[in-house]
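Read through the structure below, which is laid out as structure tokens, and then see the notes.
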Amino acid sequence: MSSKRWRQDIAALIQRRRTTKEGVGNALAKCGIPREEIFVTTKVWIANAGYEKAKESIAKSLEKLRTDYVDLLLIHQPFGDYYGTYRAMEEAYREGKARAIGVSNFYPDRYLDLFHFAEVKPAVNQVETHVFQQQKTARKYMEKYGTQIMSWGPFAEGKNDYFQNPVLREIGGKYGKSVAQTALRFLLQSGVVVIPKSVHKDRMEENFDVFDFTLTEDEMKRIEALDTGESLFFSHYAPETVEWFMSRV
């Protein structure tokens with residue numbers, strides 16, 4: 001993948017996931033739904049890495065979200081002083097400001113490093129996970145140490161002709177399900193928590209409609225065979241990726 005392409009992918013992913021905390025806070029305040037029935041997740045960005053900055057960032061996030069706590073608090077990227085960040089998150093957890101804490105985009109090496117450093121073990125590791133990148137190695141270690149894998153980009157942003165994949169179309173057709181529903185069902189049966197994104201109500205409803213069918217063992221194996229073991233976006237091991245993120249600190 002060209003340098004220009006992966007830089008564009010990083011920037012596009014961040015932009016698509018950027019929702020103002022103030023907007024979420026206003027929605028929480030006005031929706032009329034009890035707070036305990038809403039699951040709120042927020043992250044500490046790399047520019048706020050380190051104990052003091054992270055502590056301040058967490059306080060500002062709660063203020064903007066207009067809530068006393070978040071349900072899940074994550075480190076956004078495995079760069080900068082994420083040890084200090086995690087200490088601030090552990091403190092927030094003990095003070096009841098976060099119901100659970102974890103990490104995002106931590107590959108096995110950095111995940112294991114942080115896990116053995118932490119007093120409050122990461123509850124979640126949110127990583128790129130979809131049918132073409134199933135994170136088999138990472139999942140082995142997360143399962144060993146009791147950290148739940150959560151998928152960002154379960155549809156791979158449509159890359160690799162995702163929604164026209166013949167295997168997913170054939171298997172989904174058997175159940176009267178779309179490619180997207182079949183892919184989500186596969187991830188759920190694999191023990192992956194999914195957070196599919198859509199701004200269309202009909203697609204949101206479709207994404208929820210995946211609990212009335214079960215893939216067979218053979219169908220699971222056929223989808224497992226689609227795994228390439230590589231990112232469709234960018235590698236956190238690549239020096240140019242690290243340089244790009246660290247330029248944002």
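In the structure tokens, chains take letters A, B, ... by order of appearance, with residues numbered from 1 within each chain and ligands from 1 in the order shown.
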
Self-check item: strand (DSSP E) positions in range 17-248 of chain A, given as number ranges by chain
Solution: A: 41-44, 72-75, 101-104, 124-128, 148-152, 193-194

Exercise. Find the residues around Glu128 in chain A up to 6 Å (only C-alpha atoms counted), leave out those fewer than 2 positions away in its own chain, and share them as number ranges by chain.
Key: A: 151-153

Could you write out that same residue set with N, CA, C and O atoms as a tab-separated table (two decimals), in the first residue's frame?
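Result file again05.tsv:
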```
chain	number	residue	atom	x	y	z
A	151	SER	N	-14.60	-5.43	17.74
A	151	SER	CA	-14.25	-5.09	16.37
A	151	SER	C	-14.60	-3.65	16.03
A	151	SER	O	-15.74	-3.22	16.19
A	152	TRP	N	-13.60	-2.90	15.54
A	152	TRP	CA	-13.94	-1.67	14.81
A	152	TRP	C	-13.81	-2.03	13.32
A	152	TRP	O	-12.99	-2.85	12.93
A	153	GLY	N	-14.67	-1.45	12.53
A	153	GLY	CA	-14.65	-1.73	11.10
A	153	GLY	C	-15.05	-3.15	10.74
A	153	GLY	O	-14.36	-3.79	9.95
```

Quiz prompt | Residues near Arg99 in chain A, cut-off 9 Å, only C-alpha atoms, skip fewer than 2 positions along chain, as a ChimeraX atom specification | solution = /A:69-73,92-94,96-97,101

Quiz item: Of the residues A:Ser231, A:Lys60, A:Leu114, A:Ala54, which is the one nearest to His130 in chain A, using only C-alpha atoms?
Solution: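 For His130 in chain A, the nearest of the candidates is A:Ser231.
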
Exercise. Would you mind writing down, as number ranges by chain, each residue of range 35-204 of chain A that DSSP on the backbone assigns to helix (DSSP H, G or I)?
Key: A: 35-37, 46-48, 51-65, 82-94, 108-117, 136-145, 156-164, 166-175, 179-189, 201-204

List as a PDB file with C-alpha atoms, in the first residue's frame the protein and nucleic acid residues near Ile58 in chain A, meaning an atom at most 9 Å away when only C-alpha atoms are counted, but skip any in the same chain fewer than 3 places from it.
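As written to disk, result23.pdb reads:
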```pdb
ATOM      1  CA  THR A  42     -14.947   7.176  25.070  1.00  0.00           C
ATOM      2  CA  LYS A  43     -11.206   7.112  24.422  1.00  0.00           C
ATOM      3  CA  VAL A  44      -8.071   8.976  25.438  1.00  0.00           C
ATOM      4  CA  LYS A  53      -2.881  14.865  30.549  1.00  0.00           C
ATOM      5  CA  ALA A  54      -5.019  11.735  30.553  1.00  0.00           C
ATOM      6  CA  LYS A  55      -6.523  12.602  33.934  1.00  0.00           C
ATOM      7  CA  SER A  61     -14.810  14.109  28.555  1.00  0.00           C
ATOM      8  CA  LEU A  62     -17.187  13.525  31.459  1.00  0.00           C
ATOM      9  CA  GLU A  63     -18.020  17.210  31.539  1.00  0.00           C
ATOM     10  CA  LEU A  73     -12.868   3.986  28.725  1.00  0.00           C
ATOM     11  CA  ALA A  88      -5.024   7.633  35.116  1.00  0.00           C
ATOM     12  CA  MET A  89      -7.668   5.270  33.739  1.00  0.00           C
ATOM     13  CA  ALA A  92     -10.899   6.739  37.138  1.00  0.00           C
ATOM     14  CA  LYS A  97     -15.812   7.387  36.701  1.00  0.00           C
TER      15      LYS A  97
END
```

Practice problem: One decimal, Å: what's the distance from CA of Lys201 in chain A over to CA of Glu157 in chain A, could you say? | Solution: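 Calculated distance between CA of Lys201 in chain A and CA of Glu157 in chain A is 17.9 Å.
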
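Counting only C-alpha atoms and comparing A:Ile149, A:Val199, A:Leu188, A:Ala98, the residue that lies closest to Phe213 in chain A is A:Leu188.
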
Practice problem: Report the distance between CA of Val193 in chain A and CA of Phe211 in chain A in Å, rounded to one decimal place. | Solution: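 About the pair CA of Val193 in chain A and CA of Phe211 in chain A: they are 13.6 Å apart.
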
Practice problem: One decimal, Å: what's the distance from CA of Arg110 in chain A over to CA of Glu56 in chain A, could you say? | Solution: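 Going from CA of Arg110 in chain A over to CA of Glu56 in chain A, I get 24.2 Å.
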
Quiz item: Using only C-alpha atoms, which of the listed residues (A:Ser190, A:Ser198, A:Thr137, A:Ser247) sits closest to Leu215 in chain A?
Solution: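 The shortest atom-to-atom distance to Leu215 in chain A comes from A:Ser190.
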
Tell me, counting only C-alpha atoms, for each residue of range 82-132 of chain A within 10 Å of range 138-141 of chain A, which pair of atoms is nearest and how far apart they are in Å to one decimal, in rows ordered by chain and increasing number, as a tab-separated table.
```
residue	atom	partner	partner_atom	distance
A:Phe106	CA	A:Ala138	CA	9.0
A:Tyr107	CA	A:Ala138	CA	6.6
A:Pro108	CA	A:Ala138	CA	5.3
A:Asp109	CA	A:Ala138	CA	9.1
A:Tyr111	CA	A:Tyr141	CA	8.8
A:Leu112	CA	A:Tyr141	CA	8.0
A:Asn125	CA	A:Arg139	CA	9.6
A:Val127	CA	A:Ala138	CA	9.3
```

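The closest residue to Ala47 in chain A, picked from A:Leu184, A:Met220, A:Val210, A:Ile75 and counting only C-alpha atoms, is A:Ile75.
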
May I have a table of the residues of range 26-127 of chain A lying at most 10 Å from range 237-244 of chain A, giving each one's closest pair of atoms and their distance in Å to one decimal, counting only C-alpha atoms, ordered by chain and ascending residue number, as a tab-separated table?
```
residue	atom	partner	partner_atom	distance
A:Gln77	CA	A:Val242	CA	9.9
A:Pro78	CA	A:Val242	CA	9.3
A:Phe79	CA	A:Val242	CA	7.6
A:Gly80	CA	A:Val242	CA	10.0
A:Tyr107	CA	A:Tyr237	CA	8.5
```

Can those selected residues be exported to a file as a compact mmCIF listing (two decimals), in the first residue's frame so that it contains all heavy atoms?
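Result written to out18.txt:
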```txt
# COMPACT_ATOMS: atom_id res chain seq x y z
N GLN A 77 -4.73 4.64 21.00
CA GLN A 77 -3.62 4.10 20.22
C GLN A 77 -2.47 3.71 21.14
O GLN A 77 -2.27 4.34 22.19
CB GLN A 77 -3.12 5.14 19.20
CG GLN A 77 -4.13 5.58 18.17
CD GLN A 77 -4.41 4.52 17.12
OE1 GLN A 77 -3.63 3.59 16.94
NE2 GLN A 77 -5.54 4.65 16.43
N PRO A 78 -1.68 2.70 20.77
CA PRO A 78 -0.58 2.23 21.61
C PRO A 78 0.69 3.04 21.45
O PRO A 78 1.79 2.50 21.26
CB PRO A 78 -0.38 0.79 21.13
CG PRO A 78 -0.68 0.87 19.67
CD PRO A 78 -1.82 1.85 19.56
N PHE A 79 0.57 4.37 21.51
CA PHE A 79 1.72 5.24 21.31
C PHE A 79 1.77 6.29 22.41
O PHE A 79 0.78 6.58 23.06
CB PHE A 79 1.65 5.93 19.93
CG PHE A 79 1.54 4.97 18.78
CD1 PHE A 79 0.48 5.04 17.90
CD2 PHE A 79 2.49 3.98 18.60
CE1 PHE A 79 0.36 4.15 16.84
CE2 PHE A 79 2.39 3.08 17.54
CZ PHE A 79 1.34 3.17 16.67
N GLY A 80 2.95 6.90 22.57
CA GLY A 80 3.11 7.89 23.63
C GLY A 80 3.21 7.19 24.98
O GLY A 80 3.42 5.98 25.07
N TYR A 107 -1.70 -4.40 19.49
CA TYR A 107 -1.33 -5.69 18.93
C TYR A 107 -0.79 -6.57 20.06
O TYR A 107 -0.54 -6.09 21.17
CB TYR A 107 -0.28 -5.50 17.85
CG TYR A 107 -0.82 -4.93 16.55
CD1 TYR A 107 -2.12 -4.42 16.44
CD2 TYR A 107 -0.02 -4.90 15.42
CE1 TYR A 107 -2.59 -3.91 15.25
CE2 TYR A 107 -0.49 -4.38 14.21
CZ TYR A 107 -1.77 -3.89 14.14
OH TYR A 107 -2.23 -3.39 12.94
```

Quiz item: Using only C-alpha atoms, which residues sit within 10 Å of range 167-181 of chain A once same-chain residues fewer than 4 positions away are excluded, as an NGL selection string?
Solution: :A and (131 or 154-155 or 158 or 162-163 or 185-187 or 196 or 203 or 206-216 or 219-220 or 222-223 or 225-226)
